[in-house]
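Enquirer: Shown below is the structure under consideration.
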Amino acid sequence: MLSIAPAAFEPALPAAASRAALSDYDVVRRTIEFISTHYRQQPSLGEIAGALGMEEAALASVFRRWSGLTPKAFLQAVTLDHARRLLGDGASLLDAALEVGLSGPSRLHDLFVKHEALSPGAYKARGEGIVLAYGFHPTPFGLALVVATERGLAGIGFAEPGDGGEAAALDDMRRRWPKASFVPKPEATRSLAQRIFEPESWQCERPLRVVLIGTDFEIRVWEALLTIPLGQATTYAAVASRIGAPKAARAVGAAVGRNPVSFVVPCHRVVGKAGALTGYHWGITRKRAMLGWECGLLARP
C-alpha cells in the first residue's frame, strides 16, 4: 500500500492557490525563454517586463514569491556562462547564490527519500501486472503528472501548456511501461505532489517512498543521482565514475534522460563537462527554473 493511508490524504490546494502556482511558473518560464534568446544584450528588468507585457514591480513580485530571489539574482544563478565559471569537480549553486549577493543559508533543504527498486523482471515484462495510479497537479514548475504504485512514487512528468499537454505527458509514461495498467486516481497522488514540492514537508523522519523501475544499469545511475545534494551539480562523467563505469559517460547520459521520477531523482543537477546546462527531457527552460528555485531555497533564513 502507499505509505499514506487514504484517510490521511491532505485536501486539495484551494483553486485560487492552484491557479496562482501555475500562473507564477508561466511568468518565470516566459522570462527564462526571453533571457535565453536575448542574454547577449543583457536586458534590464524594465526591458524584460516590457517584453512580457508586465510592470517591473509585478514581475519582481512574482519572482520573489516563486523563488525568493530577484529576477536578476535568479537569472545570474542559472545562466550557462555562470555555470561554466563555477564548475570544477562539482558546481555549487550556493556559490552562485553568494556571488549574486545572497547571504547564504542557515539550513539546507532537500528531499528525504527512501527508495527501492522493483525486480529486473518487472521491467523486462514492460510493467505487466503493475497498477499505476496517476493524477495531474499544479507545482512550481507547471502542471505535473504524478504516478504511484502501491509501494510509493514511481514517476513525475510535466505537461506543457496548451491543448494536448496532459495527453503527451501521460503517453510518455505509458511508453516506459506499456503493459502496466494506468488508472486515474488524482485523490491518491495529490498528497504525494504536495509533499514533493513543499519544502516544509521534507522531513527525514517521514521519508518519501520512491519505487525505481528500470534496468540494473539505469537504477545504479538513478541511485547515484539521489546522492547529489540540493545546491550541488555534477557531470555525466562524474556519475559514471561514481558507479564504477568511468568510460560509460554516454550511457549514463542516456540513463539520466530516461529517469522517470523527475525532480525527486534530481537529473536536473547533472550538467555537461564544460558546465553547460545540457538537454533535459522536460525542457531546458524547466531545468533552469528548477536550479534557480533551489537557489532560492538555499537563501531562505
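In the C-alpha cells, chains take letters A, B, ... by order of appearance, with residues numbered from 1 within each chain and ligands from 1 in the order shown.
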Using only C-alpha atoms, find each residue of region 110-150 of chain A with at least one atom at most 12 Å away from an atom of region 63-79 of chain A; report its shortest atom-to-atom pair and that distance in Å (one decimal), sort the rows by chain and rising residue number, and return the result as a Markdown table.

Expert:
| residue | atom | partner | partner_atom | distance |
| --- | --- | --- | --- | --- |
| A:Thr139 | CA | A:Trp66 | CA | 10.6 |
| A:Pro140 | CA | A:Trp66 | CA | 7.2 |
| A:Phe141 | CA | A:Trp66 | CA | 9.9 |
| A:Gly142 | CA | A:Trp66 | CA | 11.9 |

Enquirer: Give me, as CSV, the closest atom pair and its distance (Å, one decimal) for every residue of region 162-197 of chain A within a cut-off of 12 Å of region 251-264 of chain A, counting only C-alpha atoms, rows sorted by chain and rising number.

Expert:
residue,atom,partner,partner_atom,distance
A:Ala169,CA,A:Pro260,CA,11.2
A:Leu170,CA,A:Pro260,CA,11.7
A:Asp172,CA,A:Pro260,CA,9.4
A:Met173,CA,A:Pro260,CA,7.6
A:Arg174,CA,A:Pro260,CA,10.9
A:Arg175,CA,A:Pro260,CA,10.9
A:Arg176,CA,A:Pro260,CA,8.2
A:Trp177,CA,A:Pro260,CA,10.4
A:Leu192,CA,A:Val264,CA,11.2
A:Ala193,CA,A:Val264,CA,10.7
A:Arg195,CA,A:Val264,CA,10.8
A:Ile196,CA,A:Val264,CA,7.3
A:Phe197,CA,A:Phe263,CA,9.1

Enquirer: Selection from above, N, CA and C atoms, as a CSV table (one decimal), in the first residue's frame, can you write it?

Expert:
chain,number,residue,atom,x,y,z
A,169,ALA,N,2.1,14.0,-21.8
A,169,ALA,CA,2.9,13.6,-20.6
A,169,ALA,C,2.5,12.2,-20.3
A,170,LEU,N,1.2,11.9,-20.3
A,170,LEU,CA,0.7,10.5,-20.0
A,170,LEU,C,1.3,9.5,-21.0
A,172,ASP,N,4.0,9.7,-22.6
A,172,ASP,CA,5.4,9.5,-22.3
A,172,ASP,C,5.6,8.4,-21.2
A,173,MET,N,4.8,8.5,-20.2
A,173,MET,CA,4.9,7.5,-19.1
A,173,MET,C,4.4,6.1,-19.6
A,174,ARG,N,3.4,6.1,-20.4
A,174,ARG,CA,2.9,4.8,-20.9
A,174,ARG,C,3.9,4.1,-21.8
A,175,ARG,N,4.7,4.9,-22.5
A,175,ARG,CA,5.8,4.3,-23.4
A,175,ARG,C,6.8,3.6,-22.5
A,176,ARG,N,7.0,4.0,-21.3
A,176,ARG,CA,8.0,3.5,-20.4
A,176,ARG,C,7.6,2.1,-19.9
A,177,TRP,N,6.3,1.9,-19.6
A,177,TRP,CA,5.8,0.7,-19.1
A,177,TRP,C,4.5,0.4,-19.9
A,192,LEU,N,1.0,13.2,-2.5
A,192,LEU,CA,2.4,13.0,-2.9
A,192,LEU,C,2.9,14.3,-3.6
A,193,ALA,N,2.1,14.8,-4.4
A,193,ALA,CA,2.5,16.1,-5.1
A,193,ALA,C,2.8,17.2,-4.1
A,195,ARG,N,3.7,16.9,-1.0
A,195,ARG,CA,4.9,16.7,-0.2
A,195,ARG,C,6.2,16.9,-1.0
A,196,ILE,N,6.1,16.5,-2.3
A,196,ILE,CA,7.3,16.7,-3.1
A,196,ILE,C,7.7,18.1,-3.4
A,197,PHE,N,6.7,19.0,-3.6
A,197,PHE,CA,7.0,20.3,-4.0
A,197,PHE,C,6.8,21.3,-2.9

Enquirer: So which residues touch Ala238 (chain A) within 12 Å, counting only C-alpha atoms, skipping near sequence neighbours fewer than 2 positions away, as a PyMOL selection string?

Expert: chain A and resi 88-91+221+224-225+228+233-236+240-250+252-253+269-273

Enquirer: If you run DSSP over the backbone, which residues in region 123-274 of chain A end up alpha helix (DSSP H)? Put them as a short mmCIF file (atom, residue, chain, number, x, y, z; two decimals) with N, CA and C atoms, in the first residue's frame.

Expert:
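The result, written out as states-v5.cif:
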data_model
loop_
_atom_site.label_atom_id
_atom_site.label_comp_id
_atom_site.auth_asym_id
_atom_site.auth_seq_id
_atom_site.Cartn_x
_atom_site.Cartn_y
_atom_site.Cartn_z
N TYR A 123 10.69 -4.93 -14.95
CA TYR A 123 10.99 -4.01 -16.04
C TYR A 123 10.96 -4.73 -17.38
N LYS A 124 11.57 -5.91 -17.43
CA LYS A 124 11.61 -6.66 -18.69
C LYS A 124 10.22 -7.03 -19.17
N GLY A 165 -1.19 18.85 -23.83
CA GLY A 165 -0.04 18.71 -22.95
C GLY A 165 -0.18 17.56 -21.98
N GLU A 166 -1.35 17.41 -21.38
CA GLU A 166 -1.56 16.33 -20.41
C GLU A 166 -1.50 14.97 -21.11
N ALA A 167 -2.10 14.87 -22.29
CA ALA A 167 -2.09 13.60 -23.02
C ALA A 167 -0.67 13.21 -23.41
N ALA A 168 0.14 14.18 -23.81
CA ALA A 168 1.52 13.90 -24.21
C ALA A 168 2.34 13.41 -23.01
N ALA A 169 2.14 14.04 -21.84
CA ALA A 169 2.88 13.61 -20.65
C ALA A 169 2.49 12.20 -20.25
N LEU A 170 1.20 11.89 -20.33
CA LEU A 170 0.75 10.55 -19.99
C LEU A 170 1.26 9.52 -21.00
N ASP A 171 1.24 9.86 -22.28
CA ASP A 171 1.77 8.96 -23.31
C ASP A 171 3.24 8.67 -23.06
N ASP A 172 3.99 9.69 -22.62
CA ASP A 172 5.40 9.49 -22.33
C ASP A 172 5.59 8.43 -21.25
N MET A 173 4.78 8.49 -20.20
CA MET A 173 4.87 7.49 -19.14
C MET A 173 4.40 6.12 -19.62
N ARG A 174 3.36 6.09 -20.41
CA ARG A 174 2.87 4.81 -20.92
C ARG A 174 3.93 4.11 -21.77
N ARG A 175 4.71 4.87 -22.52
CA ARG A 175 5.75 4.25 -23.35
C ARG A 175 6.83 3.59 -22.50
N ARG A 176 7.02 4.05 -21.29
CA ARG A 176 8.03 3.45 -20.42
C ARG A 176 7.59 2.07 -19.94
N PRO A 186 -6.40 10.87 -9.05
CA PRO A 186 -5.77 12.09 -8.53
C PRO A 186 -5.88 12.23 -7.02
N GLU A 187 -6.92 11.64 -6.43
CA GLU A 187 -7.05 11.73 -4.98
C GLU A 187 -5.95 10.93 -4.27
N ALA A 188 -5.38 9.94 -4.96
CA ALA A 188 -4.32 9.12 -4.38
C ALA A 188 -2.94 9.70 -4.61
N THR A 189 -2.80 10.60 -5.58
CA THR A 189 -1.49 11.18 -5.88
C THR A 189 -1.35 12.62 -5.40
N ARG A 190 -2.45 13.23 -5.01
CA ARG A 190 -2.43 14.64 -4.61
C ARG A 190 -1.50 14.89 -3.42
N SER A 191 -1.58 14.05 -2.40
CA SER A 191 -0.75 14.27 -1.21
C SER A 191 0.72 14.08 -1.53
N LEU A 192 1.03 13.17 -2.46
CA LEU A 192 2.41 12.99 -2.88
C LEU A 192 2.92 14.26 -3.55
N ALA A 193 2.13 14.83 -4.45
CA ALA A 193 2.54 16.06 -5.14
C ALA A 193 2.80 17.18 -4.15
N GLN A 194 1.94 17.29 -3.14
CA GLN A 194 2.11 18.36 -2.16
C GLN A 194 3.37 18.16 -1.33
N ARG A 195 3.68 16.92 -0.98
CA ARG A 195 4.90 16.65 -0.20
C ARG A 195 6.15 16.92 -1.03
N ILE A 196 6.13 16.54 -2.29
CA ILE A 196 7.31 16.66 -3.14
C ILE A 196 7.69 18.11 -3.37
N ASP A 216 19.07 -2.69 -14.55
CA ASP A 216 20.04 -2.64 -13.46
C ASP A 216 20.95 -1.41 -13.60
N PHE A 217 21.42 -1.14 -14.82
CA PHE A 217 22.32 -0.01 -15.04
C PHE A 217 21.61 1.31 -14.76
N GLU A 218 20.38 1.45 -15.26
CA GLU A 218 19.63 2.69 -15.04
C GLU A 218 19.42 2.95 -13.55
N ILE A 219 19.07 1.90 -12.82
CA ILE A 219 18.82 2.07 -11.38
C ILE A 219 20.09 2.48 -10.66
N ARG A 220 21.24 1.93 -11.06
CA ARG A 220 22.51 2.36 -10.45
C ARG A 220 22.75 3.85 -10.70
N VAL A 221 22.44 4.30 -11.91
CA VAL A 221 22.62 5.72 -12.23
C VAL A 221 21.65 6.56 -11.41
N TRP A 222 20.39 6.16 -11.33
CA TRP A 222 19.40 6.96 -10.60
C TRP A 222 19.72 6.98 -9.11
N GLU A 223 20.23 5.88 -8.57
CA GLU A 223 20.63 5.87 -7.16
C GLU A 223 21.79 6.84 -6.93
N ALA A 224 22.70 6.94 -7.90
CA ALA A 224 23.80 7.90 -7.79
C ALA A 224 23.27 9.33 -7.82
N LEU A 225 22.25 9.59 -8.64
CA LEU A 225 21.67 10.93 -8.69
C LEU A 225 21.07 11.33 -7.34
N TYR A 236 28.11 14.16 -16.14
CA TYR A 236 27.83 12.79 -16.54
C TYR A 236 29.05 11.91 -16.27
N ALA A 237 30.25 12.44 -16.55
CA ALA A 237 31.47 11.68 -16.32
C ALA A 237 31.66 11.36 -14.85
N ALA A 238 31.32 12.33 -13.98
CA ALA A 238 31.46 12.10 -12.53
C ALA A 238 30.49 11.03 -12.06
N VAL A 239 29.27 11.02 -12.60
CA VAL A 239 28.31 9.98 -12.24
C VAL A 239 28.81 8.62 -12.70
N ALA A 240 29.38 8.58 -13.92
CA ALA A 240 29.91 7.32 -14.44
C ALA A 240 31.01 6.78 -13.52
N SER A 241 31.88 7.66 -13.06
CA SER A 241 32.94 7.23 -12.15
C SER A 241 32.37 6.75 -10.83
N ARG A 242 31.30 7.43 -10.38
CA ARG A 242 30.71 7.09 -9.09
C ARG A 242 30.11 5.69 -9.09
N ALA A 249 30.22 7.41 -19.76
CA ALA A 249 29.53 8.70 -19.59
C ALA A 249 28.36 8.84 -20.56
N ARG A 250 28.52 8.37 -21.79
CA ARG A 250 27.43 8.48 -22.77
C ARG A 250 26.23 7.63 -22.34
N ALA A 251 26.50 6.42 -21.87
CA ALA A 251 25.41 5.56 -21.41
C ALA A 251 24.75 6.15 -20.17
N VAL A 252 25.53 6.78 -19.31
CA VAL A 252 24.98 7.46 -18.14
C VAL A 252 24.04 8.58 -18.59
N GLY A 253 24.46 9.33 -19.62
CA GLY A 253 23.61 10.40 -20.13
C GLY A 253 22.27 9.87 -20.61
N ALA A 254 22.30 8.70 -21.28
CA ALA A 254 21.05 8.11 -21.76
C ALA A 254 20.17 7.70 -20.59
N ALA A 255 20.78 7.12 -19.55
CA ALA A 255 20.01 6.69 -18.37
C ALA A 255 19.44 7.89 -17.63
N VAL A 256 20.20 8.97 -17.54
CA VAL A 256 19.70 10.19 -16.91
C VAL A 256 18.47 10.70 -17.67
N GLY A 257 18.54 10.65 -19.01
CA GLY A 257 17.43 11.11 -19.82
C GLY A 257 16.18 10.25 -19.68
#
